[in-house]
$ cat query02.tsv   # TSV, C-alpha atoms and all ligand atoms
chain	number	residue	atom	x	y	z
K	1	MET	CA	0.00	0.00	0.00
K	2	TYR	CA	1.21	3.53	-0.81
K	3	MET	CA	2.52	5.25	2.35
K	4	TYR	CA	1.43	8.87	2.34
K	5	LYS	CA	4.06	11.15	3.96
K	6	THR	CA	3.35	14.71	4.95
K	7	TYR	CA	6.03	17.40	4.78
K	8	SER	CA	6.11	17.30	8.58
K	9	ASP	CA	6.80	13.54	8.48
K	10	ILE	CA	9.72	14.17	6.16
K	11	LEU	CA	11.12	16.91	8.40
K	12	LYS	CA	10.76	14.66	11.43
K	13	ALA	CA	12.67	11.88	9.68
K	14	LEU	CA	15.42	14.35	8.79
K	15	GLU	CA	15.63	15.38	12.43
K	16	GLU	CA	15.80	11.78	13.64
K	17	ASN	CA	18.74	11.13	11.32
K	18	SER	CA	20.57	14.33	12.33
K	19	HIS	CA	19.94	15.63	8.80
K	20	LEU	CA	17.72	18.57	9.66
K	21	ARG	CA	19.05	21.93	8.53
K	22	SER	CA	18.22	25.24	10.11
K	23	ILE	CA	19.46	28.78	9.62
K	24	LYS	CA	21.69	30.00	12.42
K	25	ASN	CA	21.16	33.57	13.52
K	26	PHE	CA	24.40	35.13	14.62
K	27	SER	CA	24.50	38.65	16.03
K	28	LYS	CA	27.48	40.07	14.15
K	29	LYS	CA	30.52	39.11	12.08
K	30	ASN	CA	33.81	40.62	11.11
K	31	GLU	CA	36.58	39.35	8.88
K	32	LYS	CA	37.73	36.82	11.49
K	33	TYR	CA	35.14	36.23	14.18
K	34	ILE	CA	31.46	35.47	14.36
K	35	TYR	CA	29.32	36.36	17.40
K	36	PHE	CA	26.33	34.58	18.86
K	37	GLY	CA	24.99	37.03	21.40
K	38	GLU	CA	28.14	38.00	23.30
K	39	LYS	CA	29.96	34.74	22.52
K	40	ARG	CA	32.84	35.26	20.11
K	41	LEU	CA	33.98	32.37	17.91
K	42	LEU	CA	36.76	31.96	15.37
K	43	ASN	CA	34.94	31.62	12.04
K	44	LEU	CA	36.20	28.47	10.33
K	45	SER	CA	33.12	28.06	8.24
K	46	SER	CA	33.33	30.92	5.85
K	47	ASN	CA	34.52	31.28	2.25
K	48	ASN	CA	35.85	34.72	3.13
K	49	TYR	CA	39.33	33.51	2.21
K	50	LEU	CA	40.99	36.93	1.95
K	51	GLY	CA	39.10	38.55	4.81
K	52	LEU	CA	37.50	41.05	2.43
K	53	ALA	CA	33.85	40.37	3.31
K	54	ASP	CA	32.42	41.72	6.56
K	55	ASN	CA	35.41	44.02	6.71
K	56	ARG	CA	34.43	47.51	7.77
K	57	ARG	CA	37.72	49.09	6.73
K	58	ILE	CA	37.48	47.67	3.21
K	59	THR	CA	33.82	48.68	2.87
K	60	GLU	CA	34.58	52.23	3.96
K	61	GLU	CA	37.58	52.43	1.62
K	62	PHE	CA	35.43	51.36	-1.33
K	63	MET	CA	32.51	53.67	-0.47
K	64	LYS	CA	34.92	56.59	-0.27
K	65	PHE	CA	36.36	55.65	-3.66
K	66	ILE	CA	33.02	55.20	-5.40
K	67	GLY	CA	30.95	57.93	-3.72
K	68	GLY	CA	27.34	57.88	-4.87
K	69	LYS	CA	28.11	56.85	-8.44
K	70	TYR	CA	26.26	53.52	-8.56
K	71	SER	CA	22.86	52.35	-7.36
K	72	PHE	CA	21.72	49.26	-5.45
K	73	GLY	CA	19.39	47.96	-8.12
K	74	SER	CA	19.71	47.19	-11.84
K	75	ALA	CA	15.95	46.80	-12.36
K	76	SER	CA	16.31	44.52	-15.41
K	77	ALA	CA	18.01	41.56	-16.92
K	78	ARG	CA	21.07	42.51	-18.99
K	79	LEU	CA	19.38	41.73	-22.30
K	80	LEU	CA	16.66	44.26	-21.43
K	81	THR	CA	17.97	47.46	-19.88
K	82	GLY	CA	20.20	46.15	-17.12
K	83	SER	CA	23.68	46.69	-18.52
K	84	LEU	CA	25.57	49.88	-17.72
K	85	PRO	CA	29.20	50.26	-18.95
K	86	ILE	CA	30.57	49.01	-15.59
K	87	TYR	CA	29.38	45.45	-16.43
K	88	ASN	CA	31.35	45.51	-19.65
K	89	GLU	CA	34.34	46.99	-17.89
K	90	LEU	CA	34.42	44.11	-15.42
K	91	GLU	CA	33.98	41.57	-18.23
K	92	GLU	CA	36.79	43.17	-20.20
K	93	LEU	CA	39.05	43.26	-17.15
K	94	LEU	CA	38.56	39.53	-16.63
K	95	ALA	CA	38.93	38.66	-20.32
K	96	ASN	CA	42.22	40.58	-20.38
K	97	LEU	CA	43.52	39.00	-17.17
K	98	TYR	CA	42.79	35.50	-18.52
K	99	ASN	CA	43.80	36.40	-22.06
K	100	LYS	CA	40.47	35.11	-23.38
K	101	GLU	CA	38.21	36.56	-26.08
K	102	ALA	CA	35.16	37.22	-23.93
K	103	THR	CA	33.64	37.00	-20.46
K	104	LEU	CA	30.07	36.82	-19.23
K	105	LEU	CA	28.90	37.76	-15.75
K	106	TYR	CA	26.29	35.73	-13.90
K	107	ASN	CA	24.40	36.62	-10.74
K	108	SER	CA	26.03	33.86	-8.70
K	109	GLY	CA	28.12	30.74	-9.07
K	110	TYR	CA	24.91	28.77	-8.87
K	111	HIS	CA	23.41	30.73	-11.80
K	112	ALA	CA	26.64	30.31	-13.76
K	113	ASN	CA	26.94	26.56	-13.31
K	114	VAL	CA	23.28	25.84	-13.85
K	115	GLY	CA	23.35	28.04	-16.94
K	116	ILE	CA	26.52	26.57	-18.38
K	117	SER	CA	25.91	22.89	-17.75
K	118	SER	CA	22.28	23.03	-18.87
K	119	THR	CA	23.13	24.94	-22.04
K	120	LEU	CA	26.38	23.59	-23.42
K	121	ALA	CA	25.08	20.05	-23.71
K	122	GLN	CA	22.31	20.27	-26.30
K	123	LYS	CA	20.53	17.25	-27.74
K	124	ASN	CA	23.12	14.65	-28.89
K	125	ASP	CA	25.84	16.27	-26.76
K	126	VAL	CA	27.42	14.89	-23.60
K	127	ILE	CA	29.01	16.07	-20.36
K	128	PHE	CA	31.62	14.14	-18.38
K	129	SER	CA	31.49	15.43	-14.83
K	130	ASP	CA	33.53	14.67	-11.71
K	131	LYS	CA	31.38	12.76	-9.23
K	132	LEU	CA	32.00	15.35	-6.50
K	133	ASN	CA	31.19	18.41	-8.60
K	134	HIS	CA	29.03	21.03	-6.91
K	135	ALA	CA	25.23	20.70	-6.74
K	136	SER	CA	24.84	23.61	-9.18
K	137	ILE	CA	26.65	21.61	-11.88
K	138	ILE	CA	24.53	18.55	-11.19
K	139	ASP	CA	21.31	20.58	-11.28
K	140	GLY	CA	22.34	22.11	-14.60
K	141	MET	CA	23.12	18.72	-16.10
K	142	GLN	CA	19.73	17.46	-15.02
K	143	LEU	CA	18.08	20.37	-16.83
K	144	SER	CA	20.15	19.80	-19.94
K	145	GLN	CA	18.82	18.08	-23.05
K	146	GLY	CA	22.15	16.32	-23.44
K	147	LYS	CA	23.40	13.21	-21.69
K	148	PHE	CA	25.78	13.21	-18.77
K	149	PHE	CA	28.14	10.74	-17.15
K	150	ARG	CA	29.86	11.15	-13.78
K	151	TYR	CA	33.39	9.78	-13.41
K	152	GLN	CA	34.86	8.71	-10.08
K	153	HIS	CA	36.22	11.61	-8.12
K	154	ASN	CA	39.50	12.87	-9.55
K	155	ASN	CA	40.06	9.44	-11.10
K	156	MET	CA	41.59	9.83	-14.53
K	157	GLU	CA	41.24	6.13	-15.41
K	158	SER	CA	37.54	6.34	-14.73
K	159	LEU	CA	37.27	9.46	-16.93
K	160	GLU	CA	39.23	7.89	-19.76
K	161	LYS	CA	37.17	4.69	-19.64
K	162	LEU	CA	34.01	6.74	-20.06
K	163	LEU	CA	35.53	8.82	-22.85
K	164	GLU	CA	36.66	5.68	-24.67
K	165	ARG	CA	33.25	4.08	-24.36
K	166	GLU	CA	31.00	7.09	-24.94
K	167	ARG	CA	32.72	9.99	-26.68
K	168	ASN	CA	32.04	8.86	-30.25
K	169	ASN	CA	28.35	8.41	-29.61
K	170	TYR	CA	27.84	12.16	-29.25
K	171	ASN	CA	28.33	15.43	-31.04
K	172	ASN	CA	29.87	18.02	-28.65
K	173	ALA	CA	31.50	16.68	-25.50
K	174	ILE	CA	32.29	18.71	-22.40
K	175	ILE	CA	34.47	17.76	-19.46
K	176	LEU	CA	33.45	19.65	-16.33
K	177	THR	CA	35.37	19.75	-13.07
K	178	GLU	CA	36.01	21.97	-10.08
K	179	SER	CA	39.66	22.92	-9.63
K	180	VAL	CA	39.75	23.04	-5.81
K	181	PHE	CA	36.96	20.71	-4.66
K	182	SER	CA	34.66	22.54	-2.30
K	183	MET	CA	34.11	19.80	0.25
K	184	ASP	CA	37.39	17.86	0.06
K	185	GLY	CA	39.88	20.65	-0.61
K	186	ASP	CA	41.79	18.49	-3.08
K	187	ILE	CA	42.77	19.68	-6.54
K	188	ALA	CA	41.76	18.25	-9.92
K	189	ASP	CA	44.50	16.69	-12.04
K	190	LEU	CA	44.21	19.44	-14.62
K	191	LYS	CA	47.28	18.39	-16.63
K	192	LYS	CA	45.89	14.92	-17.26
K	193	ILE	CA	42.40	16.25	-17.91
K	194	ILE	CA	43.82	18.60	-20.55
K	195	GLU	CA	45.63	15.65	-22.16
K	196	LEU	CA	42.35	13.71	-22.28
K	197	LYS	CA	40.36	16.68	-23.53
K	198	LYS	CA	42.75	16.98	-26.47
K	199	LYS	CA	42.86	13.24	-27.17
K	200	TYR	CA	39.06	12.91	-27.18
K	201	ASN	CA	38.24	16.30	-28.70
K	202	CYS	CA	36.26	17.76	-25.81
K	203	ILE	CA	35.55	21.21	-24.46
K	204	LEU	CA	37.02	21.66	-20.97
K	205	ALA	CA	35.22	23.84	-18.41
K	206	ILE	CA	36.59	24.28	-14.91
K	207	ASP	CA	34.95	25.83	-11.88
K	208	GLU	CA	37.51	27.82	-9.92
K	209	ALA	CA	34.97	28.99	-7.29
K	210	HIS	CA	37.25	28.17	-4.36
K	211	ALA	CA	40.50	29.01	-6.13
K	212	PHE	CA	39.63	32.40	-7.61
K	213	GLY	CA	41.41	35.01	-5.49
K	214	VAL	CA	43.45	32.32	-3.71
K	215	PHE	CA	45.70	30.51	-6.21
K	216	GLY	CA	48.01	32.07	-8.79
K	217	GLU	CA	50.09	35.21	-8.72
K	218	ASN	CA	47.14	37.39	-9.76
K	219	GLY	CA	44.56	35.31	-7.90
K	220	LEU	CA	43.16	33.85	-11.13
K	221	GLY	CA	43.04	30.31	-9.80
K	222	VAL	CA	44.72	26.93	-10.07
K	223	ALA	CA	44.93	27.21	-13.88
K	224	GLU	CA	47.07	30.32	-13.44
K	225	SER	CA	49.30	28.73	-10.81
K	226	LEU	CA	49.93	25.75	-13.14
K	227	GLU	CA	50.21	27.94	-16.26
K	228	LEU	CA	47.35	26.08	-17.95
K	229	ILE	CA	44.91	28.89	-18.68
K	230	ASN	CA	45.43	28.67	-22.45
K	231	ASP	CA	44.50	24.99	-22.50
K	232	ILE	CA	41.15	25.47	-20.81
K	233	ASP	CA	38.13	26.47	-22.89
K	234	LEU	CA	35.93	27.92	-20.16
K	235	ILE	CA	36.98	29.13	-16.73
K	236	ILE	CA	34.29	29.88	-14.17
K	237	GLY	CA	34.97	31.95	-11.07
K	238	THR	CA	32.75	33.28	-8.31
K	239	PHE	CA	32.85	36.62	-6.51
K	240	GLY	CA	31.00	35.56	-3.38
K	241	LYS	CA	33.96	33.81	-1.80
K	242	ALA	CA	37.50	35.27	-1.86
K	243	ALA	CA	36.39	38.50	-3.54
K	244	GLY	CA	33.96	39.18	-0.70
K	245	SER	CA	31.28	40.28	-3.17
K	246	ILE	CA	28.52	38.45	-5.07
K	247	GLY	CA	28.21	37.07	-8.59
K	248	ALA	CA	30.26	34.96	-10.97
K	249	PHE	CA	31.84	34.93	-14.40
K	250	VAL	CA	32.75	32.59	-17.18
K	251	THR	CA	35.55	33.42	-19.58
K	252	GLY	CA	36.44	31.76	-22.88
K	253	ASN	CA	36.14	32.12	-26.62
K	254	ARG	CA	33.65	34.48	-28.26
K	255	VAL	CA	31.49	31.74	-29.78
K	256	LEU	CA	30.96	29.92	-26.49
K	257	ILE	CA	30.22	33.12	-24.62
K	258	ASP	CA	27.78	34.30	-27.34
K	259	PHE	CA	26.12	30.90	-27.18
K	260	LEU	CA	25.63	31.31	-23.42
K	261	ILE	CA	24.29	34.85	-23.84
K	262	ASN	CA	21.73	33.51	-26.30
K	263	LYS	CA	20.80	30.25	-24.66
K	264	SER	CA	21.52	30.11	-20.94
K	265	ARG	CA	18.27	30.76	-19.17
K	266	SER	CA	19.77	31.61	-15.77
K	267	PHE	CA	21.48	34.55	-17.50
K	268	ILE	CA	18.60	35.59	-19.75
K	269	PHE	CA	15.75	35.46	-17.27
K	270	SER	CA	17.19	37.07	-14.14
K	271	THR	CA	17.63	40.69	-13.07
K	272	ALA	CA	21.28	41.74	-13.28
K	273	LEU	CA	23.28	42.29	-10.10
K	274	PRO	CA	23.25	45.83	-8.71
K	275	PRO	CA	25.78	48.16	-10.40
K	276	ILE	CA	27.37	48.90	-7.02
K	277	ASN	CA	28.28	45.24	-6.60
K	278	ILE	CA	29.78	45.07	-10.05
K	279	ALA	CA	31.84	48.19	-9.31
K	280	TYR	CA	32.92	46.69	-5.97
K	281	THR	CA	34.02	43.42	-7.56
K	282	LYS	CA	36.06	45.29	-10.17
K	283	TRP	CA	37.66	47.44	-7.47
K	284	VAL	CA	38.54	44.39	-5.37
K	285	ILE	CA	40.13	42.52	-8.27
K	286	GLU	CA	42.12	45.56	-9.34
K	287	ASN	CA	43.21	46.73	-5.91
K	288	LYS	CA	43.10	43.92	-3.37
K	289	PHE	CA	43.99	40.63	-5.07
K	290	PRO	CA	47.61	41.50	-5.92
K	291	LYS	CA	48.30	42.81	-2.42
K	292	THR	CA	47.39	39.57	-0.66
K	293	LEU	CA	49.96	37.31	-2.31
K	294	ASP	CA	52.20	36.78	0.75
K	295	LYS	CA	49.25	36.16	3.04
K	296	ARG	CA	47.75	33.71	0.55
K	297	ILE	CA	50.98	31.76	0.40
K	298	GLN	CA	51.02	31.55	4.21
K	299	MET	CA	47.41	30.35	4.26
K	300	LEU	CA	48.11	27.62	1.71
K	301	GLU	CA	51.21	26.54	3.68
K	302	LEU	CA	49.04	26.18	6.78
K	303	GLY	CA	46.52	24.14	4.78
K	304	LYS	CA	49.35	21.85	3.66
K	305	LYS	CA	50.54	21.43	7.25
K	306	LEU	CA	47.05	20.33	8.17
K	307	GLY	CA	47.13	17.69	5.45
K	308	SER	CA	45.27	19.36	2.60
K	309	GLN	CA	46.24	20.47	-0.91
K	310	SER	CA	44.48	23.77	-0.32
K	311	HIS	CA	42.97	26.09	2.27
K	312	ILE	CA	39.96	23.75	2.67
K	313	ILE	CA	40.51	20.95	5.17
K	314	PRO	CA	37.97	18.16	5.51
K	315	ILE	CA	37.87	16.36	8.85
K	316	ILE	CA	35.87	13.28	7.99
K	317	LEU	CA	34.12	11.82	11.04
K	318	GLY	CA	31.69	9.44	9.31
K	319	SER	CA	28.38	9.58	11.11
K	320	ASN	CA	26.12	12.61	11.31
K	321	LYS	CA	25.84	12.22	15.05
K	322	LYS	CA	29.58	12.26	15.74
K	323	THR	CA	30.01	15.22	13.40
K	324	MET	CA	27.28	17.20	15.13
K	325	GLU	CA	28.69	16.38	18.57
K	326	THR	CA	32.21	17.44	17.58
K	327	CYS	CA	30.91	20.74	16.21
K	328	GLU	CA	29.17	21.28	19.54
K	329	ILE	CA	32.42	20.71	21.50
K	330	LEU	CA	34.30	23.05	19.18
K	331	TYR	CA	31.58	25.65	19.65
K	332	GLU	CA	31.98	25.47	23.43
K	333	ASN	CA	35.70	26.07	22.91
K	334	GLY	CA	35.31	29.13	20.73
K	335	TYR	CA	35.43	27.63	17.21
K	336	PHE	CA	32.63	28.01	14.71
K	337	THR	CA	32.48	25.02	12.39
K	338	LEU	CA	29.53	23.50	10.59
K	339	PRO	CA	28.66	19.86	10.13
K	340	ILE	CA	28.62	18.90	6.45
K	341	ARG	CA	26.27	16.01	5.90
K	342	PRO	CA	24.64	14.08	3.06
K	343	PRO	CA	23.33	14.99	0.53
K	344	THR	CA	26.06	17.67	0.37
K	345	VAL	CA	28.65	14.87	0.76
K	346	PRO	CA	28.32	11.09	0.19
K	347	GLU	CA	26.69	8.91	2.90
K	348	ASN	CA	28.98	8.02	5.84
K	349	THR	CA	31.45	10.78	5.04
K	350	SER	CA	29.92	13.46	7.24
K	351	ARG	CA	32.57	15.91	8.16
K	352	ILE	CA	33.68	19.17	9.56
K	353	ARG	CA	35.02	21.34	6.78
K	354	LEU	CA	37.57	23.85	8.00
K	355	SER	CA	38.15	26.73	5.68
K	356	LEU	CA	41.14	28.89	6.38
K	357	THR	CA	41.36	32.56	5.67
K	358	THR	CA	44.36	34.87	5.52
K	359	GLU	CA	43.34	36.20	8.97
K	360	ILE	CA	43.63	32.82	10.72
K	361	THR	CA	47.00	31.86	12.21
K	362	GLU	CA	48.49	28.52	13.21
K	363	LYS	CA	48.28	29.63	16.84
K	364	ASP	CA	44.52	30.19	16.50
K	365	LEU	CA	44.14	26.50	15.69
K	366	GLU	CA	46.27	24.95	18.46
K	367	GLN	CA	43.39	24.14	20.76
K	368	LEU	CA	41.21	22.91	17.89
K	369	CYS	CA	43.91	20.44	16.83
K	370	SER	CA	44.13	19.03	20.35
K	371	ILE	CA	40.33	18.63	20.50
K	372	ILE	CA	40.04	16.73	17.21
K	373	GLY	CA	43.28	14.89	17.79
K	401	LIG	C1	32.40	24.74	-6.50
K	401	LIG	C2	31.28	25.71	-6.35
K	401	LIG	N1	30.76	26.25	-7.45
K	401	LIG	C3	29.74	27.13	-7.37
K	401	LIG	C4	29.21	27.50	-6.16
K	401	LIG	C5	28.07	28.46	-6.10
K	401	LIG	O1	28.54	29.76	-5.99
K	401	LIG	P1	27.62	30.92	-5.39
K	401	LIG	O2	27.66	30.78	-3.92
K	401	LIG	O3	28.22	32.17	-5.92
K	401	LIG	O4	26.25	30.68	-5.93
K	401	LIG	C6	29.75	27.00	-5.00
K	401	LIG	C7	29.19	27.45	-3.68
K	401	LIG	O5	29.50	27.06	-2.64
K	401	LIG	C8	30.81	26.07	-5.07
K	401	LIG	O6	31.32	25.53	-3.98

$ encode --input "query02.tsv" --output "structure tokens" --more "lines below"
Ligand SMILES: Cc1ncc(COP(=O)(O)O)c(C=O)c1O
Amino acid sequence: MYMYKTYSDILKALEENSHLRSIKNFSKKNEKYIYFGEKRLLNLSSNNYLGLADNRRITEEFMKFIGGKYSFGSASARLLTGSLPIYNELEELLANLYNKEATLLYNSGYHANVGISSTLAQKNDVIFSDKLNHASIIDGMQLSQGKFFRYQHNNMESLEKLLERERNNYNNAIILTESVFSMDGDIADLKKIIELKKKYNCILAIDEAHAFGVFGENGLGVAESLELINDIDLIIGTFGKAAGSIGAFVTGNRVLIDFLINKSRSFIFSTALPPINIAYTKWVIENKFPKTLDKRIQMLELGKKLGSQSHIIPIILGSNKKTMETCEILYENGYFTLPIRPPTVPENTSRIRLSLTTEITEKDLEQLCSIIG
């Protein structure tokens, strides 16, 4: 017999399995700490990698620079009347930095990935996607009219097997991967992926969401640090993390970008970001990224010391319950961490994900290390 479940039943089941999510209301934040009432905690749960977000000094500096020039609303999608010159200026800045023909801004990394992965694979096309790619990539692939296959995480044999078996059955083929993986902090084997992309005639798109602003001399990402930018067809970056702003971009050749402008629904059917945010993002990239190089190197060294390839350090505890309990103990000791549970990560790999920022020192973490052992 069909078992009817109400929404409340489903929420109750989530709660029983320690899966229930709720929004935490903190009282204030700055570039290093988060406050719950009067309790101050070291924020290890933020993507504010360069300490630019929630930073009063930076905000004041920008507001002084920009004055009242830009408004807080764009009132339209870009294809209607939502595109002042500042949008183009930011796109041109990024295209020049990456030495690509064109760039397109999106309202967020989620919009960008959904737009790109749902659009590039048309009927008779195919996407090969890393199994641990972000939800926004998966959602886009599910909306796409093309086919998609997921290869085992960062496993080049698994990717090649799929390419060997499937590539010739399709028209366009796209390989899609994150560069720094958001939940595991490891880095895609970009050199090998580029070799495979060339061998099997694919388009390569990489999501540098967690690497933009962090890796590479100019903060352009892992592709810059490995000198591979020219071998990658589409590079996606987000502004909501290291840049301390909001939005995203994709940069690549003119045809691909024009195709996205014409076909990607998350770009076409959404009001553009406010001009003031676009101006802020441009100002940050021009003025703040280059200055943080030494601090970024220190942060990545600390990440390495803690056993990661990046500034994101997963502490895998397995069960939801143990993960929740450990977060609670850390909270009592002044550390703000969040439990990461399925479906964000695979079953039985619940974890605490530490994300470092340039403000956090090794000394700040001494007590945390002794708690988690
Ligand atoms: C790898 C990756 N791509 C894209 C996104 C989405 O970016 P945004 O927060 O700007 O929507 C995230 C967000 O966490 C991410 O981790």

$ residues_around --input "query02.tsv" --residues "Leu41 in chain K" --least-positions-apart "5" --cutoff "10 Å" --atoms "only C-alpha atoms" --output "NGL selection string"
:K and (29 or 32-36 or 330-337)

$ residues_near_point --input "query02.tsv" --point "(33.6, 38.0, -24.8)" --cutoff "6 Å" --atoms "all atoms listed in the file" --output "list of chain:residue names"
K:Glu101, K:Ala102, K:Thr103, K:Arg254, K:Ile257

$ residues_near_ligand --input "query02.tsv" --ligand "ligand LIG 401 (chain K)" --cutoff "10 Å" --atoms "only C-alpha atoms and all ligand atoms" --output "ChimeraX atom specification"
/K:47,106-114,132-137,177-183,206-211,236-241,245-249

$ atom_distance --input "query02.tsv" --atom1 "CA of Ile268 in chain K" --atom2 "CA of Gly82 in chain K"
11.0 Å

$ residues_around --input "query02.tsv" --residues "range 343-356 of chain K" --least-positions-apart "2" --cutoff "9 Å" --atoms "only C-alpha atoms" --output "ChimeraX atom specification"
/K:19,43-49,132,134-135,183-185,299-300,302-303,311-324,326-327,337-341,358-361

$ write_last_selection --input "query02.tsv" --atoms "C-alpha atoms" --output "PDB file, in the coordinates of the input"
ATOM      1  CA  HIS K  19      19.940  15.630   8.800  1.00  0.00           C
ATOM      2  CA  ASN K  43      34.940  31.620  12.040  1.00  0.00           C
ATOM      3  CA  LEU K  44      36.200  28.470  10.330  1.00  0.00           C
ATOM      4  CA  SER K  45      33.120  28.060   8.240  1.00  0.00           C
ATOM      5  CA  SER K  46      33.330  30.920   5.850  1.00  0.00           C
ATOM      6  CA  ASN K  47      34.520  31.280   2.250  1.00  0.00           C
ATOM      7  CA  ASN K  48      35.850  34.720   3.130  1.00  0.00           C
ATOM      8  CA  TYR K  49      39.330  33.510   2.210  1.00  0.00           C
ATOM      9  CA  LEU K 132      32.000  15.350  -6.500  1.00  0.00           C
ATOM     10  CA  HIS K 134      29.030  21.030  -6.910  1.00  0.00           C
ATOM     11  CA  ALA K 135      25.230  20.700  -6.740  1.00  0.00           C
ATOM     12  CA  MET K 183      34.110  19.800   0.250  1.00  0.00           C
ATOM     13  CA  ASP K 184      37.390  17.860   0.060  1.00  0.00           C
ATOM     14  CA  GLY K 185      39.880  20.650  -0.610  1.00  0.00           C
ATOM     15  CA  MET K 299      47.410  30.350   4.260  1.00  0.00           C
ATOM     16  CA  LEU K 300      48.110  27.620   1.710  1.00  0.00           C
ATOM     17  CA  LEU K 302      49.040  26.180   6.780  1.00  0.00           C
ATOM     18  CA  GLY K 303      46.520  24.140   4.780  1.00  0.00           C
ATOM     19  CA  HIS K 311      42.970  26.090   2.270  1.00  0.00           C
ATOM     20  CA  ILE K 312      39.960  23.750   2.670  1.00  0.00           C
ATOM     21  CA  ILE K 313      40.510  20.950   5.170  1.00  0.00           C
ATOM     22  CA  PRO K 314      37.970  18.160   5.510  1.00  0.00           C
ATOM     23  CA  ILE K 315      37.870  16.360   8.850  1.00  0.00           C
ATOM     24  CA  ILE K 316      35.870  13.280   7.990  1.00  0.00           C
ATOM     25  CA  LEU K 317      34.120  11.820  11.040  1.00  0.00           C
ATOM     26  CA  GLY K 318      31.690   9.440   9.310  1.00  0.00           C
ATOM     27  CA  SER K 319      28.380   9.580  11.110  1.00  0.00           C
ATOM     28  CA  ASN K 320      26.120  12.610  11.310  1.00  0.00           C
ATOM     29  CA  LYS K 321      25.840  12.220  15.050  1.00  0.00           C
ATOM     30  CA  LYS K 322      29.580  12.260  15.740  1.00  0.00           C
ATOM     31  CA  THR K 323      30.010  15.220  13.400  1.00  0.00           C
ATOM     32  CA  MET K 324      27.280  17.200  15.130  1.00  0.00           C
ATOM     33  CA  THR K 326      32.210  17.440  17.580  1.00  0.00           C
ATOM     34  CA  CYS K 327      30.910  20.740  16.210  1.00  0.00           C
ATOM     35  CA  THR K 337      32.480  25.020  12.390  1.00  0.00           C
ATOM     36  CA  LEU K 338      29.530  23.500  10.590  1.00  0.00           C
ATOM     37  CA  PRO K 339      28.660  19.860  10.130  1.00  0.00           C
ATOM     38  CA  ILE K 340      28.620  18.900   6.450  1.00  0.00           C
ATOM     39  CA  ARG K 341      26.270  16.010   5.900  1.00  0.00           C
ATOM     40  CA  THR K 358      44.360  34.870   5.520  1.00  0.00           C
ATOM     41  CA  GLU K 359      43.340  36.200   8.970  1.00  0.00           C
ATOM     42  CA  ILE K 360      43.630  32.820  10.720  1.00  0.00           C
ATOM     43  CA  THR K 361      47.000  31.860  12.210  1.00  0.00           C
TER      44      THR K 361
END
